[in-house]
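Peer 1: Submitted below is the structure of interest, expressed as structure tokens.
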Amino acid sequence: MADTLPPPRLLPSGDSAITVEFSRTIDDTANRKVLALDRALSAAPIAGITETVPTYRSLLVHYDPLVIDYDALGPQLLVRASGPLALEATTRRWRIPVCYGGENGIDLEDVAKALSTTPDDIAARHAAGRYRVAMIGFTPGWSYLSGLDKFLHMSRRESPRLLTPAGTIAIGGIQTGIQCLAGPSGWHLLGRTPVRTYQLHRQPTFLLEPGDEVTFYAVDIKMFTEQERAAAAGEIIAERIAA
Amino acid sequence: MSKLVVSSIGPASSIQDGGRFGAQRYGLTPSGAMDKLSLAAANALVGNAPLAAAIEIGPFGAAFTAKGGAVRVSLAGAPRPADIAKRPVEVNTSMTLADGETLTLGFARGASFSYLAIEGGIAGEAVFGSLSVNARAGLGSPYPRPLQAGDVLEAKSVGDVIERRIELPKPFTGPIRVVMGPQDDEFTDEMKALFLDSEWKISATSDRMGYRLEGPAIRHIHGHNIVSDGTVDGSIQVTGSGGPIVLMSDRGTSGGYPKIATVITADYGRLAQTPAGTAFRFAAVTMAEAQAELCKFTDLLRSLADRVSEVVNTDLNLDTLFSANVAGTAVSATDPATWLTVTPD
């Protein structure tokens with residue numbers, strides 16, 4: 001893959017965190033570099049770094065300014081980010097059920113209207129995608145997926161909704177995602193999955209890792225209800241398939 | 001074992017400590033006290049570690065009753081009327097509830113959160129290193145949700161009768177200081193100036209996740225969609241409608257609106273305590289200033305135990321005794337003039 005990215009940038013995120021940005025847009029190479037820098041900092045830590053949070057196109061580095069200040073840490077991060085980084089290939093693939101539309105996907109019809117097509121077409125296009133877990137964030141288990149069909153790219157809602165349901169499958173901007181827990185969202189809701197990407201007393205607590213590949217398949221409301229019951233009892237539901 | 005029973009409590013009240021770190025990469029937000037200085041002050045009063053878990057009490061009233069023995073607690077943070085069995089008690093002091101006595105707290109005045117620490121701390125099971133309630137994630141101990149009437153917290157038995165008070169430095173009253181970025185380049189100089197020069201008010205729809213700000217609309221250069229990236233306590237996102245939201249302790253670990261600036265650590269608790277509807281301003285500082293303020297703030301947190309002093313029991317306050325002249329007819333061992341006044345019955 002050709003490396004056409006601009007040089008990485010440091011963005012101050014308050015007095016105790018630095019964002020190392022590899023790209024302003026969703027870019028597969030940038031995301032792989034984020035994960036590679038994350039692994040590099042884990043393998044050879046810099047004293048004072050307290051936590052790292054990989055995202056689509058940047059690594060958020062939390063640090064303790066009493067141990068290392070911005071002027072000391074920034075250049076070290078830039079050197080690491082600019083150097084050669086070992087990119088890893090996808091290792092795991094998952095198949096995840098989605099019940100599209102109706103009360104499980106209250107925005108499906110509006111999205112179809114806005115894009116001058118049918119709700120079935122939107123659901124089919126969404127289910128046909130091959131996605132990659134680019135990051136996990138916002139709320140526990142919320143998995144941001146890259147690889148959304150360009151046809152489905154849509155601006156987020158101007159004002160976020162204060163409460164959207166657990167298991168929501170939604171699109172926002174050029175992203176799609178699995179929202180594990182109920183909570184606020186500015187995205188458009190297409191459907192719901194019974195799969196819980198975060199479940200406290202289950203092993204593993206967090207199902208997906210950044211870098212995993214995800215595909216969806218449509219299920220009807222009856223299957224969804226059955227699967228949801230099983231998921232509540234601790235079943236993983238998502239099928240792990242051979243790479 | 002003594003217990004502290006929640007007799008009544010308003011919304012937005014929960015067990016909080018220093019926070020839950022290490023799993024932000026899976027979307028698990030740190031949570032933790034909104035005002036860590038006040039949490040640490042409450043803990044210092046009863047000899048707990050600075051960021052041990054305590055009860056964070058929202059703007060509304062609350063009442064707590066000791067059961068099965070005496071319970072020592074301390075109150076810090078928002079000023080509010082408080083009494084134990086009609087005896088007024090003060091913020092920034094410790095106090096002992098005798099078995100069956102109730103501490104009654106009124107509405108907060110001029111701030112939002114109070115902290116009630118229990119001597120010996122809160123008994124609970126830490127998850128990812130913290131007892132802090134994160135209701136959305138089903139986390140927190142002993143209750144993974146905001147507190148409700150009837151909840152029971154275990155307390156250790158009270159060791160002495162000495163109450164304590166803490167003298168806190170006068171809080172900085174200037175604007176809420178911010179470091180610009182990480183996405184301030186998504187805004188024109190005019191919009192950055194509008195953000196810094198305007199008066200803001202916290203909306204009544206705010207909560208521990210975010211404070212929505214009311215004021216002028218801040219417009220983005222390239223629109224409001226950016227690729228979601230990481231957030232910190234105090235990140236100031238600007239939404240599509242132009243309204244800023246300050247991300248607070250229960251924030252999402254990532255967000256997709258451009259972040260114009262970030263509240264400095266030293267001022268985060270001060271912003272958290274600003275009541276809805278109260279006007280305030282922001283001011284930009286350099287990274288060096290922000291980190292110097294953070295050092296001072298940390299020093300203050302660490303030195304709170306030195307600011308705690310024992311309170312002379314108010315029932316035996318000498319000034320009160322002298323002014324009441326209760327000794328007026330007593331015999332002095334050194335003043336013979338008083339000797340003759342005593343007549344045996």
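We label chains A, B, ... in the order they appear in the structure tokens, count residues from 1 in each chain, and number ligands from 1 in the order shown.
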Excluding segment 119-129 of chain A and its own-chain neighbours fewer than 4 positions away, which residues fall within 7 Å of it when counting only C-alpha atoms? Please give them as an mmCIF file with all heavy atoms, in the first residue's frame.
Peer 2:
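Listed below is the output, part33.cif:
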```
data_model
loop_
_atom_site.group_PDB
_atom_site.id
_atom_site.type_symbol
_atom_site.label_atom_id
_atom_site.label_comp_id
_atom_site.auth_asym_id
_atom_site.auth_seq_id
_atom_site.Cartn_x
_atom_site.Cartn_y
_atom_site.Cartn_z
ATOM 1 N N TYR A 100 -32.899 -4.957 10.601
ATOM 2 C CA TYR A 100 -32.968 -3.600 10.028
ATOM 3 C C TYR A 100 -34.383 -3.031 10.100
ATOM 4 O O TYR A 100 -35.369 -3.760 9.971
ATOM 5 C CB TYR A 100 -32.528 -3.628 8.563
ATOM 6 C CG TYR A 100 -31.040 -3.829 8.360
ATOM 7 C CD1 TYR A 100 -30.526 -5.082 8.046
ATOM 8 C CD2 TYR A 100 -30.149 -2.752 8.492
ATOM 9 C CE1 TYR A 100 -29.163 -5.274 7.863
ATOM 10 C CE2 TYR A 100 -28.782 -2.942 8.301
ATOM 11 C CZ TYR A 100 -28.292 -4.198 7.991
ATOM 12 O OH TYR A 100 -26.948 -4.373 7.795
ATOM 13 N N LEU A 108 -34.193 4.397 9.186
ATOM 14 C CA LEU A 108 -33.969 3.706 7.910
ATOM 15 C C LEU A 108 -34.777 4.352 6.777
ATOM 16 O O LEU A 108 -34.250 4.606 5.694
ATOM 17 C CB LEU A 108 -34.312 2.214 8.030
ATOM 18 C CG LEU A 108 -34.021 1.367 6.788
ATOM 19 C CD1 LEU A 108 -32.515 1.289 6.528
ATOM 20 C CD2 LEU A 108 -34.597 -0.045 6.935
ATOM 21 N N GLU A 109 -36.052 4.638 7.052
ATOM 22 C CA GLU A 109 -36.892 5.211 5.987
ATOM 23 C C GLU A 109 -36.438 6.617 5.602
ATOM 24 O O GLU A 109 -36.398 6.958 4.422
ATOM 25 C CB GLU A 109 -38.361 5.227 6.430
ATOM 26 C CG GLU A 109 -38.916 3.816 6.531
ATOM 27 C CD GLU A 109 -40.434 3.756 6.473
ATOM 28 O OE1 GLU A 109 -41.061 4.797 6.168
ATOM 29 O OE2 GLU A 109 -40.976 2.670 6.739
ATOM 30 N N ALA A 112 -33.381 6.381 3.524
ATOM 31 C CA ALA A 112 -33.744 5.954 2.160
ATOM 32 C C ALA A 112 -34.291 7.133 1.359
ATOM 33 O O ALA A 112 -33.905 7.345 0.215
ATOM 34 C CB ALA A 112 -34.765 4.818 2.222
ATOM 35 N N GLY A 147 -15.056 1.207 6.025
ATOM 36 C CA GLY A 147 -15.431 0.418 4.850
ATOM 37 C C GLY A 147 -16.868 0.613 4.420
ATOM 38 O O GLY A 147 -17.409 -0.193 3.654
ATOM 39 N N LEU A 148 -17.510 1.693 4.903
ATOM 40 C CA LEU A 148 -18.914 1.946 4.530
ATOM 41 C C LEU A 148 -19.016 2.339 3.053
ATOM 42 O O LEU A 148 -18.259 3.185 2.574
ATOM 43 C CB LEU A 148 -19.495 3.054 5.415
ATOM 44 C CG LEU A 148 -20.967 3.412 5.189
ATOM 45 C CD1 LEU A 148 -21.887 2.254 5.600
ATOM 46 C CD2 LEU A 148 -21.349 4.679 5.959
ATOM 47 N N ASP A 149 -19.982 1.698 2.347
ATOM 48 C CA ASP A 149 -20.341 2.024 0.962
ATOM 49 C C ASP A 149 -20.474 3.548 0.830
ATOM 50 O O ASP A 149 -21.192 4.187 1.602
ATOM 51 C CB ASP A 149 -21.695 1.336 0.678
ATOM 52 C CG ASP A 149 -22.154 1.501 -0.778
ATOM 53 O OD1 ASP A 149 -21.664 2.423 -1.460
ATOM 54 O OD2 ASP A 149 -23.020 0.708 -1.181
ATOM 55 N N THR A 215 -18.571 -8.620 9.102
ATOM 56 C CA THR A 215 -19.626 -8.563 8.089
ATOM 57 C C THR A 215 -20.965 -8.728 8.808
ATOM 58 O O THR A 215 -21.030 -9.271 9.910
ATOM 59 C CB THR A 215 -19.467 -9.673 7.021
ATOM 60 O OG1 THR A 215 -19.408 -10.940 7.683
ATOM 61 C CG2 THR A 215 -18.204 -9.473 6.213
ATOM 62 N N PHE A 216 -22.042 -8.233 8.155
ATOM 63 C CA PHE A 216 -23.384 -8.305 8.748
ATOM 64 C C PHE A 216 -24.282 -9.207 7.922
ATOM 65 O O PHE A 216 -24.072 -9.380 6.720
ATOM 66 C CB PHE A 216 -24.011 -6.907 8.814
ATOM 67 C CG PHE A 216 -23.308 -5.962 9.747
ATOM 68 C CD1 PHE A 216 -22.652 -4.834 9.252
ATOM 69 C CD2 PHE A 216 -23.293 -6.185 11.116
ATOM 70 C CE1 PHE A 216 -22.006 -3.948 10.113
ATOM 71 C CE2 PHE A 216 -22.653 -5.307 11.979
ATOM 72 C CZ PHE A 216 -22.010 -4.187 11.474
ATOM 73 N N TYR A 217 -25.309 -9.789 8.540
ATOM 74 C CA TYR A 217 -26.389 -10.448 7.809
ATOM 75 C C TYR A 217 -27.712 -10.061 8.456
ATOM 76 O O TYR A 217 -27.782 -9.862 9.672
ATOM 77 C CB TYR A 217 -26.195 -11.970 7.755
ATOM 78 C CG TYR A 217 -26.255 -12.688 9.099
ATOM 79 C CD1 TYR A 217 -27.419 -13.336 9.511
ATOM 80 C CD2 TYR A 217 -25.145 -12.723 9.931
ATOM 81 C CE1 TYR A 217 -27.469 -14.017 10.734
ATOM 82 C CE2 TYR A 217 -25.183 -13.391 11.156
ATOM 83 C CZ TYR A 217 -26.352 -14.034 11.554
ATOM 84 O OH TYR A 217 -26.395 -14.686 12.759
ATOM 85 N N ALA A 218 -28.744 -9.918 7.607
ATOM 86 C CA ALA A 218 -30.045 -9.454 8.103
ATOM 87 C C ALA A 218 -30.803 -10.601 8.771
ATOM 88 O O ALA A 218 -30.784 -11.732 8.291
ATOM 89 C CB ALA A 218 -30.866 -8.879 6.952
#
```
Peer 1: Find the residues near Ala70 of chain B: any atom within 12 Å, counting only C-alpha atoms, skip ones fewer than 5 places away on the same chain, and give them as a CSV table (one decimal) with all heavy atoms, in the first residue's frame.
Peer 2:
```csv
chain,number,residue,atom,x,y,z
B,1,MET,N,-21.3,-3.6,63.3
B,1,MET,CA,-20.9,-2.7,62.2
B,1,MET,C,-21.9,-1.5,62.1
B,1,MET,O,-23.1,-1.8,61.9
B,1,MET,CB,-20.8,-3.5,60.9
B,1,MET,CG,-20.4,-2.7,59.7
B,1,MET,SD,-18.8,-2.0,59.6
B,1,MET,CE,-17.8,-3.3,58.8
B,2,SER,N,-21.4,-0.3,62.1
B,2,SER,CA,-22.3,0.8,61.9
B,2,SER,C,-22.7,0.9,60.4
B,2,SER,O,-21.9,0.4,59.6
B,2,SER,CB,-21.7,2.1,62.3
B,2,SER,OG,-21.2,2.0,63.6
B,3,LYS,N,-23.8,1.6,60.2
B,3,LYS,CA,-24.2,1.8,58.8
B,3,LYS,C,-24.7,3.2,58.6
B,3,LYS,O,-25.2,3.8,59.5
B,3,LYS,CB,-25.3,0.8,58.4
B,3,LYS,CG,-24.9,-0.7,58.3
B,3,LYS,CD,-26.1,-1.6,58.2
B,3,LYS,CE,-25.8,-3.0,57.8
B,3,LYS,NZ,-24.6,-3.5,58.5
B,4,LEU,N,-24.5,3.7,57.3
B,4,LEU,CA,-25.1,5.0,57.0
B,4,LEU,C,-26.2,4.7,56.0
B,4,LEU,O,-25.9,4.1,54.9
B,4,LEU,CB,-24.0,5.9,56.4
B,4,LEU,CG,-24.5,7.3,56.1
B,4,LEU,CD1,-24.7,8.1,57.4
B,4,LEU,CD2,-23.4,8.1,55.3
B,5,VAL,N,-27.4,5.0,56.3
B,5,VAL,CA,-28.5,4.7,55.5
B,5,VAL,C,-28.9,6.0,54.7
B,5,VAL,O,-29.0,7.1,55.3
B,5,VAL,CB,-29.7,4.2,56.3
B,5,VAL,CG1,-30.9,4.0,55.4
B,5,VAL,CG2,-29.3,3.0,57.1
B,65,THR,N,-28.8,8.7,57.7
B,65,THR,CA,-29.1,8.3,59.0
B,65,THR,C,-28.1,7.2,59.5
B,65,THR,O,-27.9,6.3,58.7
B,65,THR,CB,-30.5,7.8,59.2
B,65,THR,OG1,-31.4,8.8,58.7
B,65,THR,CG2,-30.8,7.5,60.7
B,95,MET,N,-18.1,15.5,61.2
B,95,MET,CA,-19.3,15.5,62.1
B,95,MET,C,-19.6,14.0,62.4
B,95,MET,O,-19.4,13.1,61.6
B,95,MET,CB,-20.5,16.2,61.5
B,95,MET,CG,-20.9,15.6,60.2
B,95,MET,SD,-21.8,16.8,59.1
B,95,MET,CE,-20.5,18.0,58.6
B,96,THR,N,-20.1,13.8,63.6
B,96,THR,CA,-20.4,12.4,64.0
B,96,THR,C,-21.9,12.3,64.2
B,96,THR,O,-22.5,13.1,64.9
B,96,THR,CB,-19.7,12.1,65.3
B,96,THR,OG1,-18.3,12.2,65.0
B,96,THR,CG2,-20.0,10.6,65.7
B,97,LEU,N,-22.5,11.3,63.6
B,97,LEU,CA,-23.9,11.0,63.7
B,97,LEU,C,-24.0,9.9,64.8
B,97,LEU,O,-23.5,8.9,64.6
B,97,LEU,CB,-24.5,10.5,62.4
B,97,LEU,CG,-24.5,11.4,61.2
B,97,LEU,CD1,-24.9,10.7,60.0
B,97,LEU,CD2,-25.5,12.6,61.5
B,98,ALA,N,-24.7,10.2,65.9
B,98,ALA,CA,-25.0,9.2,66.9
B,98,ALA,C,-25.9,8.2,66.3
B,98,ALA,O,-26.6,8.5,65.3
B,98,ALA,CB,-25.5,9.8,68.2
B,99,ASP,N,-26.0,7.0,66.8
B,99,ASP,CA,-26.9,6.0,66.3
B,99,ASP,C,-28.3,6.5,66.2
B,99,ASP,O,-28.8,7.1,67.2
B,99,ASP,CB,-26.8,4.8,67.3
B,99,ASP,CG,-27.6,3.6,66.7
B,99,ASP,OD1,-28.0,3.6,65.6
B,99,ASP,OD2,-27.8,2.6,67.5
B,100,GLY,N,-28.9,6.5,65.1
B,100,GLY,CA,-30.3,7.0,64.9
B,100,GLY,C,-30.4,8.4,64.5
B,100,GLY,O,-31.4,8.8,64.1
B,101,GLU,N,-29.3,9.2,64.6
B,101,GLU,CA,-29.3,10.6,64.2
B,101,GLU,C,-29.3,10.7,62.6
B,101,GLU,O,-28.7,9.9,62.0
B,101,GLU,CB,-28.2,11.4,64.8
B,101,GLU,CG,-28.5,11.8,66.2
B,101,GLU,CD,-27.4,12.7,66.8
B,101,GLU,OE1,-26.3,12.7,66.3
B,101,GLU,OE2,-27.8,13.5,67.6
B,102,THR,N,-29.9,11.8,62.2
B,102,THR,CA,-29.9,12.1,60.7
B,102,THR,C,-29.2,13.4,60.4
B,102,THR,O,-29.5,14.4,61.0
B,102,THR,CB,-31.4,12.1,60.3
B,102,THR,OG1,-32.0,10.9,60.5
B,102,THR,CG2,-31.5,12.5,58.8
B,118,ILE,N,-17.1,9.2,54.3
B,118,ILE,CA,-17.3,8.4,55.5
B,118,ILE,C,-15.9,8.0,56.1
B,118,ILE,O,-15.1,7.5,55.3
B,118,ILE,CB,-18.1,7.1,55.2
B,118,ILE,CG1,-19.5,7.5,54.5
B,118,ILE,CG2,-18.4,6.3,56.5
B,118,ILE,CD1,-20.3,6.3,54.1
B,119,GLU,N,-15.7,8.2,57.4
B,119,GLU,CA,-14.5,7.7,58.0
B,119,GLU,C,-14.2,6.3,57.7
B,119,GLU,O,-15.1,5.4,57.9
B,119,GLU,CB,-14.5,8.0,59.5
B,119,GLU,CG,-13.2,7.8,60.2
B,119,GLU,CD,-13.2,8.2,61.6
B,119,GLU,OE1,-14.0,7.6,62.4
B,119,GLU,OE2,-12.4,9.0,62.0
B,154,GLU,N,-21.8,0.6,54.5
B,154,GLU,CA,-21.2,0.2,55.7
B,154,GLU,C,-20.2,1.2,56.2
B,154,GLU,O,-19.6,1.9,55.4
B,154,GLU,CB,-20.5,-1.1,55.5
B,154,GLU,CG,-21.4,-2.3,55.3
B,154,GLU,CD,-20.7,-3.6,55.1
B,154,GLU,OE1,-19.5,-3.6,55.2
B,154,GLU,OE2,-21.4,-4.6,54.8
B,155,ALA,N,-20.1,1.4,57.5
B,155,ALA,CA,-19.1,2.3,58.1
B,155,ALA,C,-18.4,1.7,59.2
B,155,ALA,O,-18.9,0.8,59.9
B,155,ALA,CB,-19.9,3.6,58.5
B,156,LYS,N,-17.1,2.1,59.4
B,156,LYS,CA,-16.4,1.6,60.6
B,156,LYS,C,-16.8,2.4,61.8
B,156,LYS,O,-17.4,3.5,61.8
B,156,LYS,CB,-14.9,1.7,60.3
B,156,LYS,CG,-14.3,3.1,60.4
B,156,LYS,CD,-12.8,3.0,60.4
B,156,LYS,CE,-12.1,4.2,60.9
B,156,LYS,NZ,-10.7,4.2,60.9
B,157,SER,N,-16.5,1.8,63.0
B,157,SER,CA,-16.9,2.5,64.2
B,157,SER,C,-16.0,3.7,64.5
B,157,SER,O,-14.9,3.7,64.0
B,157,SER,CB,-16.9,1.5,65.4
B,157,SER,OG,-15.7,0.7,65.4
B,158,VAL,N,-16.6,4.7,65.1
B,158,VAL,CA,-15.9,5.9,65.3
B,158,VAL,C,-14.8,5.8,66.5
B,158,VAL,O,-15.2,5.3,67.5
B,158,VAL,CB,-16.9,7.0,65.7
B,158,VAL,CG1,-16.2,8.3,66.0
B,158,VAL,CG2,-17.8,7.2,64.5
B,159,GLY,N,-13.6,6.3,66.2
B,159,GLY,CA,-12.5,6.0,67.1
B,159,GLY,C,-12.4,7.1,68.2
B,159,GLY,O,-12.0,6.8,69.3
B,160,ASP,N,-12.7,8.4,67.9
B,160,ASP,CA,-12.5,9.4,68.9
B,160,ASP,C,-13.7,10.4,68.7
B,160,ASP,O,-14.5,10.3,67.9
B,160,ASP,CB,-11.2,10.1,68.7
B,160,ASP,CG,-11.0,10.7,67.3
B,160,ASP,OD1,-12.0,11.3,66.8
B,160,ASP,OD2,-9.9,10.6,66.7
B,161,VAL,N,-13.7,11.4,69.6
B,161,VAL,CA,-14.8,12.4,69.5
B,161,VAL,C,-14.3,13.7,68.9
B,161,VAL,O,-15.0,14.7,69.0
B,161,VAL,CB,-15.4,12.6,70.9
B,161,VAL,CG1,-16.0,11.4,71.4
B,161,VAL,CG2,-14.3,13.1,71.9
```
Peer 1: Identify, on the basis of only C-alpha atoms, every residue whose closest approach to segment 76-82 of chain B does not exceed 8 Å; exclude the query and any residue fewer than 5 positions from it along the same chain; express the result as a compact mmCIF listing (two decimals) with all heavy atoms, in the first residue's frame.
Peer 2:
```
# COMPACT_ATOMS: atom_id res chain seq x y z
N ASP B 35 -15.55 17.15 40.98
CA ASP B 35 -14.69 18.15 41.63
C ASP B 35 -13.75 17.41 42.57
O ASP B 35 -14.10 17.12 43.71
CB ASP B 35 -15.57 19.16 42.37
CG ASP B 35 -14.76 20.16 43.20
OD1 ASP B 35 -13.51 20.13 43.12
OD2 ASP B 35 -15.38 20.95 43.92
N SER B 38 -12.70 19.03 46.04
CA SER B 38 -13.68 18.90 47.12
C SER B 38 -13.75 17.46 47.63
O SER B 38 -13.92 17.23 48.83
CB SER B 38 -15.06 19.36 46.65
OG SER B 38 -15.04 20.74 46.35
N LEU B 39 -13.64 16.49 46.71
CA LEU B 39 -13.59 15.09 47.14
C LEU B 39 -12.42 14.89 48.10
O LEU B 39 -12.56 14.28 49.18
CB LEU B 39 -13.43 14.17 45.93
CG LEU B 39 -13.12 12.70 46.26
CD1 LEU B 39 -14.34 12.01 46.89
CD2 LEU B 39 -12.67 11.93 45.02
N ALA B 41 -10.84 17.12 49.86
CA ALA B 41 -11.03 17.87 51.11
C ALA B 41 -11.91 17.06 52.07
O ALA B 41 -11.60 16.94 53.26
CB ALA B 41 -11.68 19.23 50.82
N ALA B 42 -12.99 16.49 51.53
CA ALA B 42 -13.87 15.67 52.38
C ALA B 42 -13.10 14.48 52.95
O ALA B 42 -13.20 14.17 54.15
CB ALA B 42 -15.08 15.19 51.57
N PRO B 88 -27.12 22.94 63.57
CA PRO B 88 -26.49 23.25 62.29
C PRO B 88 -25.05 22.71 62.23
O PRO B 88 -24.35 22.76 63.24
CB PRO B 88 -26.48 24.78 62.25
CG PRO B 88 -27.42 25.22 63.32
CD PRO B 88 -27.46 24.14 64.35
N VAL B 89 -24.66 22.20 61.07
CA VAL B 89 -23.27 21.79 60.87
C VAL B 89 -22.76 22.48 59.61
O VAL B 89 -23.54 22.92 58.77
CB VAL B 89 -23.12 20.26 60.74
CG1 VAL B 89 -23.38 19.58 62.07
CG2 VAL B 89 -24.05 19.70 59.66
N GLU B 90 -21.43 22.59 59.52
CA GLU B 90 -20.86 23.39 58.45
C GLU B 90 -20.17 22.54 57.39
O GLU B 90 -19.66 21.45 57.69
CB GLU B 90 -19.85 24.38 59.04
CG GLU B 90 -20.52 25.50 59.80
CD GLU B 90 -19.51 26.40 60.48
OE1 GLU B 90 -18.33 26.42 60.02
OE2 GLU B 90 -19.89 27.06 61.45
N VAL B 91 -20.14 23.12 56.19
CA VAL B 91 -19.34 22.53 55.13
C VAL B 91 -17.86 22.65 55.52
O VAL B 91 -17.48 23.57 56.26
CB VAL B 91 -19.62 23.26 53.80
CG1 VAL B 91 -18.70 22.77 52.68
CG2 VAL B 91 -21.07 23.07 53.39
N ASN B 92 -17.04 21.72 55.03
CA ASN B 92 -15.61 21.69 55.34
C ASN B 92 -15.33 21.33 56.79
O ASN B 92 -14.33 21.76 57.36
CB ASN B 92 -14.90 22.99 54.95
CG ASN B 92 -14.88 23.19 53.45
OD1 ASN B 92 -14.88 22.22 52.69
ND2 ASN B 92 -14.89 24.43 53.00
N THR B 93 -16.22 20.54 57.38
CA THR B 93 -15.96 19.99 58.72
C THR B 93 -16.32 18.52 58.73
O THR B 93 -17.04 18.03 57.85
CB THR B 93 -16.79 20.69 59.82
OG1 THR B 93 -18.18 20.39 59.61
CG2 THR B 93 -16.59 22.19 59.83
N LEU B 103 -28.40 13.31 59.36
CA LEU B 103 -27.80 14.51 58.76
C LEU B 103 -28.70 14.93 57.61
O LEU B 103 -28.94 14.14 56.68
CB LEU B 103 -26.40 14.20 58.24
CG LEU B 103 -25.76 15.25 57.34
CD1 LEU B 103 -25.48 16.54 58.09
CD2 LEU B 103 -24.47 14.72 56.71
N THR B 104 -29.22 16.15 57.68
CA THR B 104 -30.11 16.64 56.63
C THR B 104 -29.41 17.74 55.85
O THR B 104 -28.89 18.70 56.45
CB THR B 104 -31.41 17.18 57.26
OG1 THR B 104 -31.99 16.16 58.08
CG2 THR B 104 -32.41 17.57 56.18
N LEU B 105 -29.36 17.60 54.54
CA LEU B 105 -28.71 18.58 53.67
C LEU B 105 -29.75 19.27 52.80
O LEU B 105 -30.61 18.60 52.22
CB LEU B 105 -27.68 17.90 52.76
CG LEU B 105 -26.59 17.07 53.44
CD1 LEU B 105 -25.69 16.44 52.39
CD2 LEU B 105 -25.76 17.95 54.37
N GLY B 106 -29.67 20.61 52.73
CA GLY B 106 -30.57 21.36 51.86
C GLY B 106 -30.00 21.47 50.46
O GLY B 106 -29.05 20.78 50.10
N PHE B 107 -30.58 22.35 49.66
CA PHE B 107 -30.14 22.56 48.29
C PHE B 107 -28.77 23.24 48.26
O PHE B 107 -28.47 24.08 49.11
CB PHE B 107 -31.14 23.44 47.53
CG PHE B 107 -32.37 22.70 47.09
CD1 PHE B 107 -33.07 21.88 47.96
CD2 PHE B 107 -32.82 22.83 45.78
CE1 PHE B 107 -34.21 21.19 47.55
CE2 PHE B 107 -33.96 22.14 45.35
CZ PHE B 107 -34.66 21.33 46.23
N ALA B 108 -27.97 22.90 47.26
CA ALA B 108 -26.67 23.55 47.08
C ALA B 108 -26.87 25.02 46.72
O ALA B 108 -27.84 25.37 46.05
CB ALA B 108 -25.89 22.84 45.98
N ARG B 109 -25.94 25.86 47.19
CA ARG B 109 -26.03 27.30 46.92
C ARG B 109 -24.79 27.75 46.17
O ARG B 109 -23.69 27.70 46.71
CB ARG B 109 -26.11 28.06 48.23
CG ARG B 109 -27.42 27.84 48.98
CD ARG B 109 -27.34 28.47 50.35
NE ARG B 109 -28.61 28.36 51.06
CZ ARG B 109 -28.73 28.56 52.36
NH1 ARG B 109 -27.68 28.90 53.09
NH2 ARG B 109 -29.91 28.45 52.94
N GLY B 110 -24.97 28.17 44.95
CA GLY B 110 -23.86 28.74 44.19
C GLY B 110 -22.85 27.73 43.68
O GLY B 110 -21.79 28.08 43.19
N ALA B 111 -23.14 26.44 43.81
CA ALA B 111 -22.30 25.39 43.27
C ALA B 111 -23.19 24.16 43.08
O ALA B 111 -24.37 24.21 43.44
CB ALA B 111 -21.13 25.09 44.19
N SER B 112 -22.64 23.09 42.52
CA SER B 112 -23.49 21.96 42.15
C SER B 112 -23.31 20.70 42.99
O SER B 112 -24.26 20.00 43.27
CB SER B 112 -23.26 21.60 40.68
OG SER B 112 -23.61 22.70 39.87
N PHE B 113 -22.05 20.39 43.37
CA PHE B 113 -21.79 19.09 43.98
C PHE B 113 -21.17 19.21 45.36
O PHE B 113 -20.23 19.99 45.57
CB PHE B 113 -20.84 18.26 43.10
CG PHE B 113 -21.41 17.92 41.75
CD1 PHE B 113 -21.04 18.63 40.63
CD2 PHE B 113 -22.35 16.90 41.61
CE1 PHE B 113 -21.58 18.34 39.38
CE2 PHE B 113 -22.90 16.59 40.38
CZ PHE B 113 -22.51 17.31 39.27
N SER B 114 -21.71 18.43 46.29
CA SER B 114 -21.07 18.28 47.60
C SER B 114 -20.50 16.87 47.69
O SER B 114 -20.92 15.97 46.96
CB SER B 114 -22.10 18.47 48.72
OG SER B 114 -22.58 19.79 48.72
N TYR B 115 -19.56 16.69 48.59
CA TYR B 115 -18.96 15.37 48.81
C TYR B 115 -19.09 15.01 50.28
O TYR B 115 -18.70 15.79 51.16
CB TYR B 115 -17.50 15.36 48.35
CG TYR B 115 -17.46 15.50 46.85
CD1 TYR B 115 -17.48 16.76 46.26
CD2 TYR B 115 -17.53 14.38 46.03
CE1 TYR B 115 -17.55 16.91 44.88
CE2 TYR B 115 -17.60 14.52 44.65
CZ TYR B 115 -17.61 15.78 44.08
OH TYR B 115 -17.69 15.91 42.72
N LEU B 116 -19.68 13.86 50.53
CA LEU B 116 -19.84 13.35 51.88
C LEU B 116 -18.93 12.13 51.98
O LEU B 116 -19.18 11.09 51.35
CB LEU B 116 -21.30 12.95 52.14
CG LEU B 116 -21.60 12.61 53.60
CD1 LEU B 116 -21.80 13.90 54.40
CD2 LEU B 116 -22.86 11.73 53.71
N GLN B 273 -18.48 22.73 39.05
CA GLN B 273 -19.29 23.28 40.14
C GLN B 273 -20.13 24.49 39.72
O GLN B 273 -20.95 24.96 40.50
CB GLN B 273 -18.38 23.70 41.31
CG GLN B 273 -17.78 22.54 42.09
CD GLN B 273 -18.77 21.88 43.02
OE1 GLN B 273 -19.98 21.99 42.84
NE2 GLN B 273 -18.25 21.18 44.02
```
Peer 1: Can you check which residues of segment 69-270 of chain B DSSP gives as alpha helix (DSSP H) on the backbone and send them as a PyMOL selection string?
Peer 2: chain B and resi 189-197+265-270
Peer 1: May I have a table of the residues of segment 26-120 of chain B lying at most 12 Å from segment 51-60 of chain A, giving each one's closest pair of atoms and their distance in Å to one decimal, counting only C-alpha atoms, ordered by chain and ascending residue number, as CSV?
Peer 2:
```
residue,atom,partner,partner_atom,distance
B:Tyr26,CA,A:Val53,CA,8.3
B:Gly27,CA,A:Val53,CA,8.9
B:Leu28,CA,A:Val53,CA,10.6
B:Thr29,CA,A:Val53,CA,11.1
B:Pro30,CA,A:Glu51,CA,11.2
```
